[in-house]
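So this one's data.tsv, TSV, C-alpha atoms and all ligand atoms:
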```tsv
chain	number	residue	atom	x	y	z
A	1436	MET	CA	67.04	46.29	28.82
A	1437	SER	CA	63.92	47.22	26.92
A	1438	ASP	CA	64.08	47.86	23.18
A	1439	GLU	CA	61.48	50.60	23.40
A	1440	TYR	CA	64.20	53.17	24.09
A	1441	ASN	CA	65.89	53.35	20.71
A	1442	PHE	CA	65.92	57.07	20.06
A	1443	CYS	CA	66.58	60.16	22.14
A	1444	ASN	CA	63.34	61.91	23.05
A	1445	ARG	CA	65.19	65.23	23.13
A	1446	CYS	CA	67.13	65.26	19.85
A	1447	GLY	CA	66.09	62.10	17.96
A	1448	GLU	CA	69.58	60.60	17.81
A	1449	ARG	CA	69.92	56.82	18.16
A	1450	LEU	CA	70.59	55.92	21.79
A	1451	ALA	CA	73.60	53.93	22.95
A	1452	GLN	CA	74.13	52.02	26.20
A	1453	LYS	CA	76.82	52.34	28.82
A	1454	ARG	CA	77.29	51.92	32.53
A	1455	ILE	CA	76.20	55.10	34.30
A	1456	GLU	CA	75.82	55.36	38.08
A	1457	GLY	CA	76.22	51.62	38.52
A	1458	ARG	CA	73.79	50.33	35.88
A	1459	MET	CA	73.61	49.87	32.12
A	1460	ARG	CA	71.50	52.77	30.85
A	1461	HIS	CA	70.50	54.21	27.51
A	1462	HIS	CA	72.16	57.53	26.78
A	1463	CYS	CA	72.35	59.86	23.83
A	1464	PRO	CA	75.81	60.28	22.30
A	1465	ALA	CA	74.69	63.53	20.62
A	1466	CYS	CA	73.15	65.56	23.46
A	1467	GLY	CA	74.18	63.61	26.55
A	1468	HIS	CA	70.61	62.81	27.70
A	1469	VAL	CA	70.46	59.76	29.99
A	1470	VAL	CA	67.29	57.65	30.23
A	1471	PHE	CA	66.63	56.79	33.89
A	1472	LEU	CA	63.88	54.17	33.95
A	1473	ASP	CA	61.39	54.42	36.83
A	1474	PRO	CA	59.96	51.42	38.66
A	1475	LYS	CA	56.33	50.44	38.17
A	1476	VAL	CA	54.24	50.47	41.33
A	1477	ALA	CA	51.48	47.91	41.85
A	1478	ALA	CA	49.07	47.73	44.77
A	1479	VAL	CA	48.13	44.27	46.09
A	1480	VAL	CA	45.32	43.69	48.58
A	1481	LEU	CA	44.62	40.79	50.91
A	1482	VAL	CA	40.85	41.15	51.25
A	1483	ILE	CA	39.75	39.45	54.46
A	1484	ASP	CA	36.38	37.67	54.24
A	1485	GLY	CA	35.57	35.90	57.49
A	1486	ASP	CA	38.27	33.27	57.96
A	1487	GLY	CA	39.37	33.47	54.35
A	1488	LEU	CA	40.79	35.69	51.63
A	1489	VAL	CA	39.10	36.91	48.47
A	1490	MET	CA	41.04	35.74	45.41
A	1491	VAL	CA	40.69	36.67	41.75
A	1492	LYS	CA	41.11	34.25	38.86
A	1493	ARG	CA	43.28	36.33	36.55
A	1494	GLY	CA	41.97	37.08	33.07
A	1495	VAL	CA	45.16	38.82	31.94
A	1496	GLU	CA	48.83	37.94	31.67
A	1497	PRO	CA	51.02	37.35	33.54
A	1498	GLN	CA	49.67	34.18	35.16
A	1499	CYS	CA	46.35	34.29	33.30
A	1500	GLY	CA	43.96	31.65	34.68
A	1501	LYS	CA	45.68	31.49	38.08
A	1502	TRP	CA	44.11	32.58	41.35
A	1503	ALA	CA	45.84	35.61	42.82
A	1504	PHE	CA	45.31	38.46	45.25
A	1505	PRO	CA	43.46	41.45	43.78
A	1506	SER	CA	46.10	43.81	42.39
A	1507	GLY	CA	46.86	46.40	39.79
A	1508	TYR	CA	49.12	49.20	38.72
A	1509	VAL	CA	49.04	52.57	40.43
A	1510	ASP	CA	48.48	55.42	37.98
A	1511	ARG	CA	51.04	58.20	37.98
A	1512	GLY	CA	49.72	60.88	40.34
A	1513	GLU	CA	47.29	58.50	42.05
A	1514	ILE	CA	47.41	57.94	45.81
A	1515	VAL	CA	48.59	54.36	46.36
A	1516	GLU	CA	45.91	53.58	48.93
A	1517	ALA	CA	43.24	54.87	46.53
A	1518	ALA	CA	44.63	52.65	43.77
A	1519	ALA	CA	44.45	49.63	46.10
A	1520	VAL	CA	40.77	50.28	46.90
A	1521	ARG	CA	40.01	50.99	43.23
A	1522	GLU	CA	41.61	47.77	42.01
A	1523	VAL	CA	39.66	45.67	44.51
A	1524	LYS	CA	36.42	47.32	43.37
A	1525	GLU	CA	37.26	46.86	39.67
A	1526	GLU	CA	38.28	43.22	39.98
A	1527	THR	CA	35.87	41.92	42.65
A	1528	GLY	CA	32.96	44.39	42.91
A	1529	LEU	CA	33.68	44.75	46.63
A	1530	ASP	CA	34.10	47.96	48.59
A	1531	VAL	CA	36.93	47.73	51.10
A	1532	THR	CA	38.61	49.78	53.78
A	1533	LEU	CA	42.32	49.25	54.04
A	1534	ASP	CA	43.37	47.67	57.28
A	1535	ARG	CA	47.12	48.21	57.23
A	1536	LEU	CA	50.28	48.07	55.16
A	1537	ILE	CA	51.72	44.57	55.09
A	1538	GLY	CA	54.92	45.46	53.28
A	1539	VAL	CA	56.74	46.64	50.16
A	1540	TYR	CA	58.24	43.95	47.92
A	1541	SER	CA	60.68	44.15	45.02
A	1542	LEU	CA	63.15	41.96	43.16
A	1543	GLU	CA	66.53	42.74	41.61
A	1544	SER	CA	66.18	43.54	37.88
A	1545	ASN	CA	62.35	43.48	38.10
A	1546	PRO	CA	60.71	46.88	37.45
A	1547	VAL	CA	57.63	46.13	39.54
A	1548	VAL	CA	57.43	47.27	43.17
A	1549	LEU	CA	54.51	45.80	45.13
A	1550	VAL	CA	52.83	47.73	47.92
A	1551	VAL	CA	50.68	45.25	49.83
A	1552	TYR	CA	47.77	45.99	52.16
A	1553	SER	CA	45.21	44.00	54.04
A	1554	ALA	CA	41.61	45.20	53.84
A	1555	ARG	CA	38.13	44.55	55.19
A	1556	ILE	CA	34.94	44.37	53.15
A	1557	THR	CA	32.55	47.26	53.78
A	1558	GLY	CA	30.04	46.80	50.96
A	1559	GLY	CA	29.47	45.98	47.33
A	1560	ALA	CA	28.62	42.61	45.83
A	1561	VAL	CA	30.96	40.03	44.32
A	1562	GLU	CA	31.20	40.47	40.57
A	1563	ALA	CA	34.28	39.58	38.52
A	1564	GLY	CA	35.61	42.63	36.71
A	1565	HIS	CA	36.76	42.93	33.10
A	1566	ASP	CA	40.24	41.52	33.75
A	1567	ALA	CA	39.09	38.81	36.17
A	1568	LEU	CA	37.57	35.43	35.19
A	1569	ALA	CA	36.10	34.70	38.61
A	1570	VAL	CA	36.12	35.84	42.23
A	1571	LYS	CA	35.99	33.50	45.21
A	1572	THR	CA	36.79	33.42	48.91
A	1573	PHE	CA	39.25	30.69	49.91
A	1574	ALA	CA	39.71	29.49	53.47
A	1575	LEU	CA	43.25	30.13	54.71
A	1576	ASP	CA	43.97	26.42	54.98
A	1577	ALA	CA	42.70	25.79	51.46
A	1578	LEU	CA	44.31	28.54	49.40
A	1579	PRO	CA	45.10	27.69	45.78
A	1580	SER	CA	48.75	27.59	44.70
A	1581	LEU	CA	49.89	31.18	44.46
A	1582	PRO	CA	51.54	32.28	41.22
A	1583	PHE	CA	53.84	35.18	42.08
A	1584	PRO	CA	57.32	35.15	43.65
A	1585	HIS	CA	56.43	37.21	46.74
A	1586	ASP	CA	53.08	35.58	47.53
A	1587	ALA	CA	54.31	33.17	50.19
A	1588	GLN	CA	56.30	35.90	51.95
A	1589	ILE	CA	53.32	38.26	51.82
A	1590	LEU	CA	51.13	35.63	53.50
A	1591	ARG	CA	53.75	34.96	56.16
A	1592	ASP	CA	54.17	38.69	56.87
A	1593	TRP	CA	50.41	39.21	57.06
A	1594	GLN	CA	49.91	36.25	59.41
A	1595	ALA	CA	52.87	37.26	61.59
A	1596	CYS	CA	51.27	40.64	62.21
A	1597	SER	CA	47.72	39.26	62.52
A	1598	ASP	CA	48.84	36.93	65.30
A	1599	ARG	CA	50.02	39.84	67.41
A	1600	ILE	CA	46.65	41.63	67.40
B	1701	ZN	ZN	69.85	63.45	22.37
```

Output the file's structure as structure tokens, nothing else.
Amino acid sequence: MSDEYNFCNRCGERLAQKRIEGRMRHHCPACGHVVFLDPKVAAVVLVIDGDGLVMVKRGVEPQCGKWAFPSGYVDRGEIVEAAAVREVKEETGLDVTLDRLIGVYSLESNPVVLVVYSARITGGAVEAGHDALAVKTFALDALPSLPFPHDAQILRDWQACSDRI
């Protein structure tokens, strides 16, 4: 578990850990406060460009320097679909309309939950954003090696649904 939860944010006492409701959690021995950690939500977008997909060469960790789908964290209070469109604009310069939800992906013991959409380009011009090194459209049969654990499944799920249209 993260070391950033050392002290109780209610009474200032040093936190301890014990198993509560099935997981190891930080709790406060003085006031009984239990820290329930929330997941982090990220939006991922498969931006369809002709017969290919728009990929971003990541300028930030994790997987800096690797080509990946446009993605980013959803702000608390932000509509997930709006975050998806915003991240595409920030990273690629492109305006998109979301096509549909491809799926929701998570891993045991990983705080990040991915919400993945496909989208179509409606405007804008390609320009790599501040956390992207480059932006490029790859043909489906010439995609670069994909860096994240769910990428292959996401592609399969997207293509499985695309075939039925
Ligand atoms: Zn406390």

**Q.** Near-ligand residues for ligand ZN 1701 (chain B), threshold 9 Å, all atoms listed in the file, as an MDAnalysis selection string
**A.** chainID A and resid 1442:1450 1462:1469

Can you tell me, as a CSV table (one decimal) with C-alpha atoms, keeping the file's coordinate frame, what residues are no more than 12 Å from A:Glu1516 when counting all atoms listed in the file, ignoring any on the same chain fewer than 6 positions away?
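Result file out_2.csv:
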```
chain,number,residue,atom,x,y,z
A,1476,VAL,CA,54.2,50.5,41.3
A,1477,ALA,CA,51.5,47.9,41.8
A,1478,ALA,CA,49.1,47.7,44.8
A,1479,VAL,CA,48.1,44.3,46.1
A,1480,VAL,CA,45.3,43.7,48.6
A,1506,SER,CA,46.1,43.8,42.4
A,1507,GLY,CA,46.9,46.4,39.8
A,1508,TYR,CA,49.1,49.2,38.7
A,1509,VAL,CA,49.0,52.6,40.4
A,1510,ASP,CA,48.5,55.4,38.0
A,1522,GLU,CA,41.6,47.8,42.0
A,1523,VAL,CA,39.7,45.7,44.5
A,1531,VAL,CA,36.9,47.7,51.1
A,1532,THR,CA,38.6,49.8,53.8
A,1533,LEU,CA,42.3,49.2,54.0
A,1534,ASP,CA,43.4,47.7,57.3
A,1535,ARG,CA,47.1,48.2,57.2
A,1536,LEU,CA,50.3,48.1,55.2
A,1550,VAL,CA,52.8,47.7,47.9
A,1551,VAL,CA,50.7,45.2,49.8
A,1552,TYR,CA,47.8,46.0,52.2
A,1553,SER,CA,45.2,44.0,54.0
A,1554,ALA,CA,41.6,45.2,53.8
```

Q: Enter the distance from atom CA of A:Lys1492 to atom CA of A:Ala1517, in Å, rounded to one decimal.
A: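 Answer for the atom CA of A:Lys1492 to atom CA of A:Ala1517 separation: 22.1 Å.
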
Q: Find the residues around A:Gln1498 up to 12 Å (only C-alpha atoms counted), leave out those fewer than 2 positions away in its own chain, and share them as a VMD selection string.
A: chain A and resid 1491 to 1496 1500 to 1504 1567 1580 to 1584

Q: Could you tell me how far atom CA of A:Pro1505 lies from atom CA of A:Leu1481, in Å and to one decimal?
A: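 Interatomic distance, atom CA of A:Pro1505 to atom CA of A:Leu1481: 7.3 Å.
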
Using the partial input, fill out stretch 1583-1598 of chain A with N, CA and C atoms; write the result as a tab-separated table (two decimals), in the frame of the given file.
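Okay, part09.tsv is ready:
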```
chain	number	residue	atom	x	y	z
A	1583	PHE	N	52.78	34.16	42.19
A	1583	PHE	CA	53.84	35.18	42.08
A	1583	PHE	C	54.93	34.99	43.13
A	1584	PRO	N	56.16	35.46	42.82
A	1584	PRO	CA	57.32	35.15	43.65
A	1584	PRO	C	57.20	35.60	45.12
A	1585	HIS	N	56.49	36.71	45.36
A	1585	HIS	CA	56.43	37.21	46.74
A	1585	HIS	C	55.23	36.69	47.52
A	1586	ASP	N	54.35	35.92	46.89
A	1586	ASP	CA	53.08	35.58	47.53
A	1586	ASP	C	53.25	34.89	48.88
A	1587	ALA	N	54.15	33.92	48.95
A	1587	ALA	CA	54.31	33.17	50.19
A	1587	ALA	C	54.81	34.09	51.31
A	1588	GLN	N	55.76	34.97	50.96
A	1588	GLN	CA	56.30	35.90	51.95
A	1588	GLN	C	55.22	36.88	52.42
A	1589	ILE	N	54.41	37.33	51.48
A	1589	ILE	CA	53.32	38.26	51.82
A	1589	ILE	C	52.38	37.60	52.84
A	1590	LEU	N	52.02	36.34	52.57
A	1590	LEU	CA	51.13	35.63	53.50
A	1590	LEU	C	51.77	35.48	54.87
A	1591	ARG	N	53.04	35.12	54.87
A	1591	ARG	CA	53.75	34.96	56.16
A	1591	ARG	C	53.78	36.30	56.91
A	1592	ASP	N	54.08	37.37	56.22
A	1592	ASP	CA	54.17	38.69	56.87
A	1592	ASP	C	52.80	39.11	57.40
A	1593	TRP	N	51.76	38.84	56.62
A	1593	TRP	CA	50.41	39.21	57.06
A	1593	TRP	C	50.02	38.41	58.31
A	1594	GLN	N	50.29	37.10	58.28
A	1594	GLN	CA	49.91	36.25	59.41
A	1594	GLN	C	50.75	36.56	60.64
A	1595	ALA	N	52.01	36.92	60.46
A	1595	ALA	CA	52.87	37.26	61.59
A	1595	ALA	C	52.31	38.47	62.33
A	1596	CYS	N	51.82	39.44	61.57
A	1596	CYS	CA	51.27	40.64	62.21
A	1596	CYS	C	49.88	40.36	62.77
A	1597	SER	N	49.07	39.56	62.06
A	1597	SER	CA	47.72	39.26	62.52
A	1597	SER	C	47.75	38.57	63.88
A	1598	ASP	N	48.76	37.70	64.06
A	1598	ASP	CA	48.84	36.93	65.30
A	1598	ASP	C	49.07	37.81	66.51
```
